[in-house]
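Asker: Pasting a structure here, questions to come.
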Amino acid sequence: MPEVEISPRAYVKMQLHAAKFPWRAVNGLLLAQRSGPDPSQPCLLLTDAMPLFHTSLALTPMLEVALNQVDLWSAANNQVIAGYYQANDQLTDRSPNLVATKIGDRVAEHMRGAVLIMLDNGKLSGEYSGPAVVVYERQDNRWTPKDKNLVMWRDWAGTRQALREMMAARAYRLLVDFDDHLDDIRRDWANGAVNQRLGELTLTPDVDTDS
Amino acid sequence: MASVADMFDVTWEEMRDKLRKWRDENNRNSEQIVDVGEELINDYASKLGDDIWIIYEQVMIAALDLSRDNLAMVGTNTIQEHFPDPSFCSYGMQCLHELRKQFPGSHRVKRLTGMRFESLERYDDANKMYDGILQEDPTNTAARKRKIAILKALGKTTEAIRELNEYLEQFVGDQEAWHELAELYINEHDYAKAAFCLEELMMTNPHNHLYCQHYAEVKYTQGGLENLEISRKYFSQALKLNNRNMRALFGLYMSASHTASNPKANAKIKKDNMRYATWAALQINKAYQLAGRGKKESKNSLKVVEDMLEALQITQS
């Protein structure tokens with residue numbers, strides 16, 4: 001069973017997206033490094049999160065536009081769409097609904113081993129020290145929760161610290177999702193500014209520079 | 001920590017006007033409202049005159065949104081008994097207390113008490129509050145809407161939809177309610193009913209480009225050639241009403257492209273929609289070129305959009 005590793009950048013951006021719109025459901029895509037099938041490295045490393053929407057998640061036209069754009073951007077940046085994340089608007093609801101499974105299915109069509117991540121809203125406040133996500137994988141055409149032992153963290157302590165600092169600095173206000181971009185196309189949905197700030201905070205080197 | 005006035009070099013009048021702007025636009029930027037409003041009340045209460053009451057209300061609702069109960073908390077006699085030390089009661093606890101003092105027995109203030117119960121998840125107490133208001137005034141729309149909001153918060157979407165439908169039978173002109181109902185139907189994937197709600201809104205607001213665009217998105221989601229053509233028409237309509245609506249522009253491109261490549265479409269429809277799609281692509285490119293001038297990150301966006309349009313065109317030929 002393949003492992004999944006979540007980078008600080010992917011985790012923090014998912015959390016910031018949820019923090020920016022605490023009263024809404026939000027969703028987005030997860031990217032991984034593009035590399036050939038290597039049996040000695042079955043681990044899927046999630047390198048980045050692309051925040052998509054905070055309005056009407058169940059409508060399709062803008063989703064199609066976003067999927068196309070993120071797909072092309074990823075290819076140009078040596079990455080591939082490898083997962084989908086969603087935070088429901090209900091505090092206690094962390095189960096994947098129809099929107100989540102449909103989009104998850106679509107991602108899985110193009111990427112074997114794709115993951116679906118649901119944010120655990122109840123654990124998003126800083127009081128809880130563990131990761132606030134539930135990772136799902138596809139087994140027998142259904143999304144089932146992945147064994148927690150197979151979910152790794154590139155640097156959990158660093159991730160947590162970086163998130164704490166970004167939240168204290170209210171950096172979620174800087175985060176741009178695709179909805180924000182459609183409101184004003186000058187806004188950068190790849191979030192270069194947030195990535196840079198995050199790069200300065202996390203102690204381990206950025207994955208791109210890892211040899 | 002520096003004051004808002006110092007940090008942004010604004011006068012108290014500008015702060016007060018900003019709060020009014022956010023009220024008028026019904027923005028949910030609760031953090032900013034609390035930052036600005038708290039300072040305004042703390043430092044400039046005497047200058048605000050009667051404005052202070054509506055600001056108390058606005059700040060209190062924002063504080064509830066942020067779970068800042070100490071800011072919103074009721075300063076009842078009980079609390080004063082238990083915490084006679086004034087330093088325990090931040091000015092915030094005065095918020096609701098001040099409003100109750102000024103407007104005793106007011107339904108509007110009772111609604112705020114109910115909202116505080118909601119934020120503490122004391123939904124039974126909140127409902128009692130709202131039922132009390134409705135007994136005295138059955139036409140109080142605010143209380144009815146809060147009761148529906150509670151159903152939503154509890155995940156009882158079917159009941160919320162039913163109550164909202166009943167509400168709209170009585171208050172058929174309430175646009176906010178029609179919009180809320182449309183959203184609820186969309187979340188339940190009942191696109192036909194969502195479309196109906198948006199049709200109501202478009203009828204009463206024919207110049208609102210957002211309703212046209214939203215309607216078009218719902219029809220597109222429903223799928224099928226006929227719905228695609230309807231969606232294309234309404235994306236066009238939205239653009240006519242506001243030629244800077246990017247969702248309408250992208251929507252026009254997508255719906256026209258898909259219609260043109262639909263095997264059931266006849267030659268004329270194919271030709272017309274190719275024309276619409278080409279036009280839309282040109283406009284999208286222009287918009288991104290304009291937006292990208294001088295900005296490095298936007299150049300990425302522009303390239304991506306160009307590639308996307310190219311890729312989608314290839315599938316049509």
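Letters for chains follow the order of the structure tokens (A, B, ...), residue numbers begin at 1 for each chain, and ligand numbers begin at 1 in the order shown.
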Residues of region 20-140 of chain A classed as strand (DSSP E or B) by DSSP on the backbone are to be reported as JSON, numbers by chain.
Answerer: {"A": [26, 27, 28, 29, 30, 31, 32, 33, 44, 45, 46, 47, 48, 49, 50, 51, 52, 53, 79, 80, 81, 82, 83, 84, 85, 86, 87, 115, 116, 117, 118, 119, 133, 134, 135, 136, 137, 138, 139]}
Asker: Listing only residues of chain B within 9 Å of chain A, what is the closest atom pair and its distance in Å (to one decimal) for each, using only C-alpha atoms, sorted by chain and residue number ascending, as a tab-separated table?
Answerer:
```
residue	atom	partner	partner_atom	distance
B:Asp65	CA	A:Trp23	CA	8.7
B:Lys152	CA	A:Gln90	CA	8.8
B:Ala153	CA	A:Gln90	CA	6.8
B:Leu154	CA	A:Gln90	CA	8.0
B:Gly155	CA	A:Gln90	CA	7.1
B:Glu183	CA	A:Ser56	CA	7.0
B:Ile186	CA	A:Ala58	CA	6.4
B:Asn187	CA	A:Ala58	CA	6.2
B:Glu188	CA	A:Ala58	CA	8.5
B:His189	CA	A:Ala58	CA	7.0
B:Glu217	CA	A:Pro61	CA	6.2
B:Val218	CA	A:Leu59	CA	6.4
B:Tyr220	CA	A:Pro61	CA	6.6
B:Thr221	CA	A:Thr60	CA	5.3
B:Gln222	CA	A:Leu59	CA	9.0
B:Asn245	CA	A:Asp183	CA	7.9
B:Met246	CA	A:Leu182	CA	5.9
B:Arg247	CA	A:Leu182	CA	6.4
B:Phe250	CA	A:Val65	CA	7.4
B:Gly251	CA	A:Pro61	CA	6.3
B:Met254	CA	A:Pro61	CA	7.1
B:Ser255	CA	A:Pro61	CA	8.2
B:Ala287	CA	A:Ile185	CA	8.2
B:Tyr288	CA	A:Ile185	CA	7.1
B:Ala291	CA	A:Arg186	CA	5.3
B:Gly292	CA	A:Arg186	CA	6.8
B:Lys295	CA	A:Arg186	CA	8.5
B:Glu297	CA	A:Asp188	CA	6.5
B:Ser298	CA	A:Arg186	CA	6.5
B:Asn300	CA	A:Trp73	CA	7.7
B:Ser301	CA	A:Asp188	CA	7.7
B:Lys303	CA	A:Trp73	CA	8.7
B:Val304	CA	A:Gln69	CA	5.9
B:Val305	CA	A:Gln69	CA	6.7
B:Asp307	CA	A:Leu72	CA	7.4
B:Met308	CA	A:Asn68	CA	6.4
```
Asker: Can you pull out every residue within 10 Å of Asp120 (chain A), counting only C-alpha atoms, but drop anything in the same chain fewer than 5 positions away, and send it as an MDAnalysis selection string?
Answerer: chainID A and resid 86:88 91:95 131:134
Asker: Kindly export the residues of the current selection with N, CA, C and O atoms, as a short mmCIF file (atom, residue, chain, number, x, y, z; two decimals), in the first residue's frame.
Answerer:
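Writing the result to selection_33.cif gives the following:
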```
data_model
loop_
_atom_site.label_atom_id
_atom_site.label_comp_id
_atom_site.auth_asym_id
_atom_site.auth_seq_id
_atom_site.Cartn_x
_atom_site.Cartn_y
_atom_site.Cartn_z
N GLN A 86 -11.25 19.22 0.55
CA GLN A 86 -12.49 19.94 0.80
C GLN A 86 -12.70 20.09 2.30
O GLN A 86 -12.36 19.20 3.07
N ALA A 87 -13.23 21.26 2.68
CA ALA A 87 -13.66 21.47 4.05
C ALA A 87 -15.15 21.77 3.98
O ALA A 87 -15.55 22.69 3.26
N ASN A 88 -15.98 20.97 4.65
CA ASN A 88 -17.42 21.22 4.65
C ASN A 88 -17.75 22.43 5.50
O ASN A 88 -16.96 22.81 6.37
N LEU A 91 -19.52 22.38 11.02
CA LEU A 91 -18.37 22.14 11.90
C LEU A 91 -18.09 20.66 12.12
O LEU A 91 -16.95 20.21 12.10
N THR A 92 -19.17 19.90 12.32
CA THR A 92 -18.97 18.50 12.70
C THR A 92 -18.98 17.54 11.52
O THR A 92 -18.86 16.33 11.70
N ASP A 93 -19.13 18.07 10.31
CA ASP A 93 -19.24 17.20 9.16
C ASP A 93 -17.91 17.11 8.42
O ASP A 93 -17.48 18.06 7.78
N ARG A 94 -17.26 15.96 8.50
CA ARG A 94 -15.99 15.83 7.78
C ARG A 94 -16.03 14.68 6.80
O ARG A 94 -15.02 14.15 6.40
N SER A 95 -17.25 14.26 6.44
CA SER A 95 -17.31 13.13 5.50
C SER A 95 -17.42 13.64 4.07
O SER A 95 -18.03 14.68 3.81
N PRO A 131 -2.59 16.66 13.16
CA PRO A 131 -3.05 17.12 11.85
C PRO A 131 -4.57 17.11 11.75
O PRO A 131 -5.21 16.17 12.19
N ALA A 132 -5.11 18.17 11.14
CA ALA A 132 -6.57 18.31 11.07
C ALA A 132 -7.11 17.83 9.73
O ALA A 132 -7.91 18.50 9.10
N VAL A 133 -6.63 16.67 9.29
CA VAL A 133 -7.08 16.15 8.00
C VAL A 133 -7.39 14.66 8.08
O VAL A 133 -6.83 13.95 8.92
N VAL A 134 -8.29 14.19 7.20
CA VAL A 134 -8.54 12.76 7.04
C VAL A 134 -8.23 12.45 5.59
O VAL A 134 -8.78 13.08 4.68
#
```
Asker: In terms of the shortest atom-to-atom distance over only C-alpha atoms, which of B:Leu48, B:Leu112, B:Leu302, B:Ala149 is closest to Ile284 (chain B)?
Answerer: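 Closest residue, counting only C-alpha atoms: B:Leu302.
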Asker: Would you compute the distance between CA of Val10 (chain B) and CA of Asn29 (chain B)? Give it in Å to one decimal.
Answerer: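 CA of Asn29 (chain B) lies 18.6 Å from CA of Val10 (chain B).
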Asker: Mind pulling up the distance from CA of Phe178 (chain A) to CA of His110 (chain A)?
Answerer: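 Between CA of His110 (chain A) and CA of Phe178 (chain A) the gap works out to 21.3 Å.
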Asker: Can you list, as a VMD selection string, every protein, DNA or RNA residue that comes within 10 Å of region 236-239 of chain B when you count only C-alpha atoms, leaving out same-chain residues fewer than 5 positions away?
Answerer: chain B and resid 206 to 216 230 to 231 244 to 249 251 to 253 276 280
Asker: If you keep N, CA and C atoms, can you produce a file of those selected residues as a compact mmCIF listing (two decimals), in the first residue's frame?
Answerer:
```
# COMPACT_ATOMS: atom_id res chain seq x y z
N PRO B 206 -34.05 42.39 -13.50
CA PRO B 206 -33.56 42.06 -14.85
C PRO B 206 -32.20 42.66 -15.18
N HIS B 207 -31.75 43.64 -14.38
CA HIS B 207 -30.45 44.25 -14.71
C HIS B 207 -29.30 43.70 -13.88
N ASN B 208 -29.58 42.70 -13.07
CA ASN B 208 -28.53 42.16 -12.21
C ASN B 208 -27.76 41.07 -12.95
N HIS B 209 -26.52 41.38 -13.32
CA HIS B 209 -25.72 40.43 -14.12
C HIS B 209 -25.36 39.16 -13.33
N LEU B 210 -25.29 39.30 -12.01
CA LEU B 210 -24.89 38.15 -11.19
C LEU B 210 -25.95 37.06 -11.21
N TYR B 211 -27.22 37.45 -11.18
CA TYR B 211 -28.29 36.45 -11.21
C TYR B 211 -28.28 35.71 -12.55
N CYS B 212 -28.08 36.45 -13.66
CA CYS B 212 -28.01 35.82 -14.99
C CYS B 212 -26.86 34.82 -15.03
N GLN B 213 -25.73 35.25 -14.53
CA GLN B 213 -24.54 34.39 -14.56
C GLN B 213 -24.75 33.14 -13.71
N HIS B 214 -25.31 33.32 -12.53
CA HIS B 214 -25.54 32.20 -11.63
C HIS B 214 -26.52 31.20 -12.26
N TYR B 215 -27.58 31.74 -12.86
CA TYR B 215 -28.58 30.92 -13.54
C TYR B 215 -27.91 30.12 -14.65
N ALA B 216 -27.06 30.80 -15.43
CA ALA B 216 -26.35 30.13 -16.52
C ALA B 216 -25.49 28.99 -15.98
N ILE B 230 -29.24 27.25 -23.37
CA ILE B 230 -29.82 28.23 -22.45
C ILE B 230 -28.70 28.89 -21.64
N SER B 231 -27.76 28.08 -21.18
CA SER B 231 -26.69 28.64 -20.36
C SER B 231 -25.87 29.64 -21.18
N ARG B 244 -17.42 43.09 -17.72
CA ARG B 244 -16.21 42.69 -17.00
C ARG B 244 -16.41 41.45 -16.14
N ASN B 245 -17.57 40.82 -16.30
CA ASN B 245 -17.84 39.62 -15.52
C ASN B 245 -17.07 38.44 -16.11
N MET B 246 -15.95 38.08 -15.48
CA MET B 246 -15.08 37.03 -16.02
C MET B 246 -15.75 35.67 -16.02
N ARG B 247 -16.56 35.40 -15.01
CA ARG B 247 -17.24 34.10 -14.97
C ARG B 247 -18.17 33.98 -16.18
N ALA B 248 -18.84 35.10 -16.52
CA ALA B 248 -19.75 35.06 -17.67
C ALA B 248 -18.95 34.85 -18.95
N LEU B 249 -17.78 35.48 -19.03
CA LEU B 249 -16.95 35.36 -20.23
C LEU B 249 -16.44 33.92 -20.39
N GLY B 251 -17.73 31.35 -18.99
CA GLY B 251 -18.93 30.52 -19.14
C GLY B 251 -19.42 30.53 -20.58
N LEU B 252 -19.38 31.70 -21.21
CA LEU B 252 -19.79 31.80 -22.61
C LEU B 252 -18.88 30.93 -23.46
N TYR B 253 -17.57 31.04 -23.20
CA TYR B 253 -16.61 30.25 -23.96
C TYR B 253 -16.87 28.76 -23.80
N TYR B 276 -19.31 32.34 -31.39
CA TYR B 276 -19.38 32.86 -30.03
C TYR B 276 -18.14 32.48 -29.25
N ALA B 280 -15.40 34.93 -27.58
CA ALA B 280 -15.12 34.88 -26.15
C ALA B 280 -13.63 34.65 -25.88
```
Asker: Which of region 18-77 of chain B end up as helix (DSSP H, G or I) when DSSP is run on this backbone - answer as a ChimeraX atom specification?
Answerer: /B:18-24,30-48,51-65,69-72,77
Asker: For Ile54 (chain B), which of B:Tyr130, B:Trp279, B:Tyr185, B:Phe103 is the closest residue, counting only C-alpha atoms?
Answerer: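 Comparing B:Tyr130, B:Trp279, B:Tyr185, B:Phe103 against Ile54 (chain B), the winner is B:Phe103.
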Asker: Out of A:Arg154, A:Arg164, A:Leu116, A:Phe53, which residue has the shortest atom-to-atom distance to Arg9 (chain A) when counting only C-alpha atoms?
Answerer: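 Of the candidates, the smallest distance to Arg9 (chain A) is held by A:Arg154.
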